[in-house]
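See below for coords_18.cif, which holds mmCIF, C-alpha atoms.
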```cif
data_work
loop_
_atom_site.label_atom_id
_atom_site.label_comp_id
_atom_site.auth_asym_id
_atom_site.auth_seq_id
_atom_site.Cartn_x
_atom_site.Cartn_y
_atom_site.Cartn_z
CA MET A 1 -19.94 -13.92 13.73
CA ILE A 2 -21.72 -11.43 16.00
CA LYS A 3 -25.16 -12.45 17.29
CA LYS A 4 -25.62 -14.70 14.24
CA SER A 5 -24.68 -11.94 11.77
CA ARG A 6 -21.62 -12.62 9.64
CA PHE A 7 -19.30 -9.74 8.74
CA LEU A 8 -16.88 -10.37 5.86
CA THR A 9 -14.28 -7.73 5.02
CA HIS A 10 -12.61 -7.03 1.68
CA VAL A 11 -9.75 -4.49 1.65
CA ALA A 12 -8.01 -3.52 -1.59
CA PRO A 13 -5.40 -0.99 -2.78
CA ILE A 14 -6.72 1.54 -5.31
CA SER A 15 -5.41 4.58 -7.16
CA SER A 16 -8.69 6.45 -7.74
CA ALA A 17 -12.29 6.77 -6.61
CA ASP A 18 -13.34 5.03 -9.86
CA GLU A 19 -11.20 2.02 -8.97
CA ALA A 20 -12.76 1.99 -5.49
CA ASP A 21 -16.25 2.04 -7.01
CA ALA A 22 -15.29 -0.90 -9.24
CA VAL A 23 -14.10 -2.90 -6.21
CA ILE A 24 -17.33 -2.11 -4.34
CA ALA A 25 -19.43 -3.10 -7.37
CA ALA A 26 -17.53 -6.40 -7.70
CA VAL A 27 -18.06 -7.25 -4.03
CA LYS A 28 -21.78 -6.41 -4.30
CA LYS A 29 -22.08 -8.63 -7.36
CA ARG A 30 -20.32 -11.51 -5.62
CA ALA A 31 -22.27 -11.03 -2.37
CA TRP A 32 -25.60 -10.29 -4.05
CA ASP A 33 -27.50 -12.20 -1.37
CA ALA A 34 -26.08 -10.18 1.56
CA ARG A 35 -28.21 -7.67 3.41
CA HIS A 36 -25.57 -4.92 3.38
CA ASN A 37 -22.27 -4.12 1.62
CA CYS A 38 -20.99 -1.08 3.49
CA SER A 39 -17.88 0.73 2.31
CA ALA A 40 -15.25 3.33 3.05
CA GLN A 41 -12.52 4.68 0.80
CA VAL A 42 -9.65 7.12 1.05
CA THR A 43 -7.76 8.37 -2.02
CA GLY A 44 -5.18 11.02 -2.87
CA SER A 45 -1.48 11.23 -2.03
CA LEU A 46 -2.36 12.94 1.26
CA GLY A 47 -5.62 11.08 1.82
CA GLU A 48 -7.55 14.23 1.02
CA ARG A 49 -10.55 12.50 -0.58
CA ALA A 50 -12.81 10.19 1.39
CA ARG A 51 -16.24 8.63 0.93
CA SER A 52 -18.32 6.10 2.81
CA SER A 53 -21.64 4.31 2.49
CA ASP A 54 -23.90 2.72 5.11
CA ASP A 55 -25.70 0.76 2.36
CA GLY A 56 -28.99 0.58 4.22
CA GLU A 57 -27.66 0.39 7.78
CA PRO A 58 -28.80 3.23 10.11
CA SER A 59 -27.00 6.46 9.18
CA GLY A 60 -23.50 6.75 10.64
CA THR A 61 -23.31 3.19 12.01
CA ALA A 62 -21.21 1.53 9.30
CA GLY A 63 -19.44 3.62 6.63
CA VAL A 64 -18.24 6.42 8.92
CA PRO A 65 -16.82 4.08 11.60
CA MET A 66 -15.07 2.12 8.83
CA LEU A 67 -13.66 5.36 7.45
CA GLU A 68 -12.43 6.36 10.91
CA VAL A 69 -10.38 3.16 11.11
CA LEU A 70 -8.69 4.00 7.78
CA ARG A 71 -8.07 7.57 8.99
CA ARG A 72 -6.65 6.50 12.37
CA ARG A 73 -4.19 4.20 10.62
CA GLU A 74 -3.21 7.04 8.27
CA LEU A 75 -3.97 5.02 5.15
CA THR A 76 -4.73 6.28 1.67
CA ASP A 77 -5.50 4.77 -1.73
CA VAL A 78 -7.47 2.00 -0.07
CA VAL A 79 -11.06 0.79 -0.06
CA ALA A 80 -12.75 -1.39 2.53
CA VAL A 81 -16.05 -3.20 1.98
CA VAL A 82 -17.77 -5.05 4.82
CA THR A 83 -20.47 -7.50 3.76
CA ARG A 84 -23.08 -8.31 6.40
CA TYR A 85 -25.21 -11.41 6.29
CA PHE A 86 -27.99 -10.57 8.75
CA GLY A 87 -28.56 -13.19 11.43
CA GLY A 88 -31.96 -12.01 12.61
CA ILE A 89 -30.83 -10.23 15.79
CA LYS A 90 -30.54 -6.44 15.79
CA LEU A 91 -27.27 -5.10 17.20
CA GLY A 92 -28.28 -1.53 17.95
CA ALA A 93 -26.34 1.55 16.85
CA GLY A 94 -23.41 0.99 19.24
CA GLY A 95 -23.20 -2.67 18.31
CA LEU A 96 -23.13 -1.86 14.60
CA VAL A 97 -20.40 0.76 15.03
CA ARG A 98 -18.26 -1.74 16.96
CA ALA A 99 -18.93 -4.56 14.51
CA TYR A 100 -18.07 -2.59 11.35
CA SER A 101 -15.01 -0.84 12.79
CA SER A 102 -13.70 -4.12 14.26
CA ALA A 103 -14.21 -5.91 10.94
CA VAL A 104 -12.01 -3.38 9.15
CA SER A 105 -9.40 -3.28 11.95
CA GLU A 106 -9.06 -7.06 12.00
CA ALA A 107 -8.67 -7.21 8.22
CA LEU A 108 -5.99 -4.51 8.26
CA ASP A 109 -4.12 -6.38 11.01
CA LEU A 110 -3.72 -9.23 8.49
CA ALA A 111 -2.92 -7.03 5.49
CA ALA A 112 0.56 -6.39 4.08
CA LEU A 113 0.77 -2.61 4.37
CA VAL A 114 3.16 -0.43 2.38
CA ASP A 115 4.48 3.08 2.96
CA ARG A 116 4.47 5.48 0.04
CA ARG A 117 7.72 7.40 -0.31
CA LEU A 118 8.93 10.05 -2.76
CA LEU A 119 12.27 8.65 -3.89
CA ALA A 120 15.03 10.07 -6.07
CA GLY A 121 16.21 8.24 -9.17
CA VAL A 122 19.91 7.34 -9.41
CA GLY A 123 21.93 5.16 -11.72
CA VAL A 124 25.15 3.18 -11.76
CA SER A 125 27.00 2.01 -14.88
CA VAL A 126 29.62 -0.72 -14.59
CA THR A 127 31.39 -3.18 -16.88
CA HIS A 128 29.82 -6.56 -17.46
CA ALA A 129 32.70 -8.14 -15.56
CA ASP A 130 31.82 -6.09 -12.45
CA ALA A 131 28.03 -6.45 -12.79
CA GLY A 132 27.61 -9.37 -10.38
CA ARG A 133 29.69 -7.74 -7.66
CA PHE A 134 27.82 -4.42 -7.89
CA GLU A 135 24.41 -6.07 -8.08
CA ASN A 136 25.18 -7.92 -4.83
CA LEU A 137 26.34 -4.66 -3.22
CA LEU A 138 23.20 -2.79 -4.29
CA ARG A 139 20.84 -5.57 -3.26
CA ALA A 140 22.50 -5.72 0.16
CA TRP A 141 22.41 -1.93 0.45
CA ILE A 142 18.65 -1.59 -0.17
CA GLN A 143 17.85 -4.13 2.56
CA ASP A 144 16.28 -2.37 5.58
CA ARG A 145 16.16 0.91 3.66
CA ASP A 146 13.29 2.61 1.89
CA ALA A 147 14.82 1.94 -1.52
CA VAL A 148 13.99 0.02 -4.68
CA LEU A 149 16.35 -1.57 -7.23
CA ASP A 150 14.95 -1.97 -10.75
CA GLU A 151 15.90 -4.93 -12.92
CA PRO A 152 19.39 -4.38 -14.38
CA VAL A 153 19.73 -3.51 -18.07
CA TYR A 154 22.62 -5.03 -19.99
CA ALA A 155 23.71 -2.96 -22.98
CA ALA A 156 27.22 -1.67 -23.74
CA SER A 157 27.58 -1.69 -19.95
CA ALA A 158 25.53 -3.01 -17.07
CA GLU A 159 23.05 -0.33 -15.98
CA PHE A 160 21.51 -0.31 -12.51
CA SER A 161 18.64 2.05 -11.66
CA LEU A 162 17.68 2.68 -8.05
CA TRP A 163 15.12 4.77 -6.24
CA VAL A 164 16.41 6.04 -2.90
CA LYS A 165 15.56 8.62 -0.27
CA PRO A 166 17.22 11.94 -1.18
CA GLU A 167 19.29 11.87 2.02
CA ASP A 168 20.68 8.43 1.06
CA VAL A 169 22.18 9.56 -2.28
CA THR A 170 25.47 10.82 -0.80
CA PRO A 171 26.12 7.80 1.49
CA LEU A 172 25.40 5.38 -1.36
CA ASP A 173 27.70 7.31 -3.69
CA ALA A 174 30.48 7.13 -1.06
CA GLU A 175 30.00 3.38 -0.67
CA ILE A 176 30.15 2.79 -4.43
CA ALA A 177 33.23 5.00 -4.76
CA ALA A 178 34.96 3.14 -1.93
CA MET A 179 34.16 -0.24 -3.44
CA SER A 180 35.48 0.75 -6.88
CA GLY A 181 38.52 2.74 -5.79
CA GLY A 182 36.79 5.91 -6.99
CA GLU A 183 36.27 4.64 -10.54
CA VAL A 184 32.48 4.26 -10.33
CA ARG A 185 30.20 7.05 -9.13
CA LEU A 186 26.48 7.37 -8.66
CA ARG A 187 24.59 9.26 -11.38
CA GLN A 188 21.61 11.36 -10.35
CA THR A 189 18.85 11.20 -12.96
CA GLY A 190 16.84 14.15 -11.66
CA SER A 191 13.67 12.05 -11.67
CA GLU A 192 11.42 11.30 -8.72
CA ARG A 193 8.88 8.55 -8.19
CA LEU A 194 6.29 7.65 -5.62
CA VAL A 195 7.21 4.14 -4.57
CA ASP A 196 5.36 1.73 -2.31
CA VAL A 197 7.82 0.32 0.20
CA PRO A 198 6.85 -2.67 2.41
CA ARG A 199 6.15 -1.47 5.92
CA GLY A 200 8.53 -2.98 8.48
#
```

If you convert what's in this file into structure tokens, what do you get?
Amino acid sequence: MIKKSRFLTHVAPISSADEADAVIAAVKKRAWDARHNCSAQVTGSLGERARSSDDGEPSGTAGVPMLEVLRRRELTDVVAVVTRYFGGIKLGAGGLVRAYSSAVSEALDLAALVDRRLLAGVGVSVTHADAGRFENLLRAWIQDRDAVLDEPVYAASAEFSLWVKPEDVTPLDAEIAAMSGGEVRLRQTGSERLVDVPRG
């Protein structure tokens, strides 16, 4: 609450400008009685596309400051919508800039952010008898690393698929070889995937 105006922030992950527009439309529908629903969005793997809207506030006092917060935090594929319920007291241009940028900053402070990493696909095949031991090893190994372990697949053998940083392939292979006396080795699949990894 700033001088009787209420600022409510909605931040959501998106994968395209169309998804961002859908989020904005949903917030506007839900907050139909608000004076303003200002927005900022950044999309693209490098954050190369950005848009903002002041939604009736004086030009440059809402959307652009919101966008600057997203830019400063080096975020992409995200949309922020700040809904303002006007309290009857004008804040002035400087007051609006501070209010909208603070609203987004405070929401992001509470958000669970992820880092997007380009990871290499690798696989491990073991016997069913060894599956539990290797699953424990792999789950322990990915802790505190930018890595993801898919759900195991049990067929003729137990198949584990992981996504790891390219520089981690060799150390992981060495660890698996050591654990199995050289009988099990890491298989590189040649595939890559953008993976969202929880930010520490």

| request: Could you tell me how far CA of Val153 in chain A lies from CA of Arg116 in chain A, in Å and to one decimal? | output: 25.3 Å

| task | Give me the result of the PyMOL selection byres ((chain A and resi 145) around 10) on this file, residue by residue, as a VMD selection string. | result | chain A and resid 140 to 144 146 to 148 164 to 165 168 197 200

What does the file look like for those residues with C-alpha atoms, as a PDB file, in the frame of the given file?
```pdb
ATOM      1  CA  ALA A 140      22.500  -5.720   0.160  1.00  0.00           C
ATOM      2  CA  TRP A 141      22.410  -1.930   0.450  1.00  0.00           C
ATOM      3  CA  ILE A 142      18.650  -1.590  -0.170  1.00  0.00           C
ATOM      4  CA  GLN A 143      17.850  -4.130   2.560  1.00  0.00           C
ATOM      5  CA  ASP A 144      16.280  -2.370   5.580  1.00  0.00           C
ATOM      6  CA  ASP A 146      13.290   2.610   1.890  1.00  0.00           C
ATOM      7  CA  ALA A 147      14.820   1.940  -1.520  1.00  0.00           C
ATOM      8  CA  VAL A 148      13.990   0.020  -4.680  1.00  0.00           C
ATOM      9  CA  VAL A 164      16.410   6.040  -2.900  1.00  0.00           C
ATOM     10  CA  LYS A 165      15.560   8.620  -0.270  1.00  0.00           C
ATOM     11  CA  ASP A 168      20.680   8.430   1.060  1.00  0.00           C
ATOM     12  CA  VAL A 197       7.820   0.320   0.200  1.00  0.00           C
ATOM     13  CA  GLY A 200       8.530  -2.980   8.480  1.00  0.00           C
TER      14      GLY A 200
END
```

| Interatomic distance (Å, one decimal) between CA of Gln188 in chain A and CA of Glu175 in chain A |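 Distance reported for this atom pair: 15.1 Å.
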
| said: Could you check the closest approach to Asp196 in chain A for each of A:Lys28, A:Val114, A:Ala20, A:Val79 and tell me which residue wins, using all atoms listed in the file? | reply: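 Nearest to Asp196 in chain A: A:Val114.
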
| request: Tell me which of A:Arg84, A:Glu68, A:Lys90, A:Gly60 sits closest to Ala31 in chain A, counting only C-alpha atoms. | output: A:Arg84

| query | What does the distance from CA of Ala80 in chain A to CA of Val97 in chain A come to in Å, to one decimal? | reply | 14.8 Å

| said: If we count only C-alpha atoms and set the cut-off at 9 Å, which residues sit around Leu138 in chain A, ignoring sequence neighbours fewer than 6 positions away in its own chain? Please answer as an MDAnalysis selection string. | reply: chainID A and resid 149 160 162 172 176

| task | Rank nothing, just name the residue among A:Glu167, A:Asp109, A:Glu151, A:Glu74 nearest to Arg139 in chain A, using all atoms listed in the file. | result |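 Under the stated criterion, the closest residue is A:Glu151.
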
| Long-range neighbours of Gly92 in chain A as a PyMOL selection string, 12 Å cut-off, all atoms listed in the file, 2 positions minimum in chain | chain A and resi 3+57-59+61-62+89-90+94-99

| Which of A:Ala174, A:Lys4, A:Gln41, A:Asp130 sits closest to Ala22 in chain A [using only C-alpha atoms] | A:Gln41

| Can you list what the PyMOL selection byres ((chain A and resi 18) around 12) grabs from this structure, as a PyMOL selection string? | chain A and resi 14-17+19-25+41-43+51+77-79

| message | For Arg73 in chain A, find every residue with an atom within 10 Å (counting only C-alpha atoms), except residues of its own chain fewer than 4 positions away, and show them as a list in words. | response |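 With the cut-off at 10 Å, the set is Glu68, Val69, Ser105 and Leu108 of chain A.
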
With C-alpha atoms retained, export the selected residues as a JSON list (two decimals), keeping the file's coordinate frame.
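Result saved to again26.json:
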```
[["chain", "number", "residue", "atom", "x", "y", "z"],
["A", 68, "GLU", "CA", -12.43, 6.36, 10.91],
["A", 69, "VAL", "CA", -10.38, 3.16, 11.11],
["A", 105, "SER", "CA", -9.40, -3.28, 11.95],
["A", 108, "LEU", "CA", -5.99, -4.51, 8.26]]
```

| query | Which residue gives the smallest distance to Ser52 in chain A among A:Met179, A:Met66, A:Ala156, A:Ala120, with only C-alpha atoms counted? | reply | A:Met66

| Given all atoms listed in the file as the counted atoms, nearest of A:Cys38, A:Leu119, A:Val64, A:Val195 to Ala50 in chain A |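 Using all atoms listed in the file, Ala50 in chain A sits closest to A:Val64.
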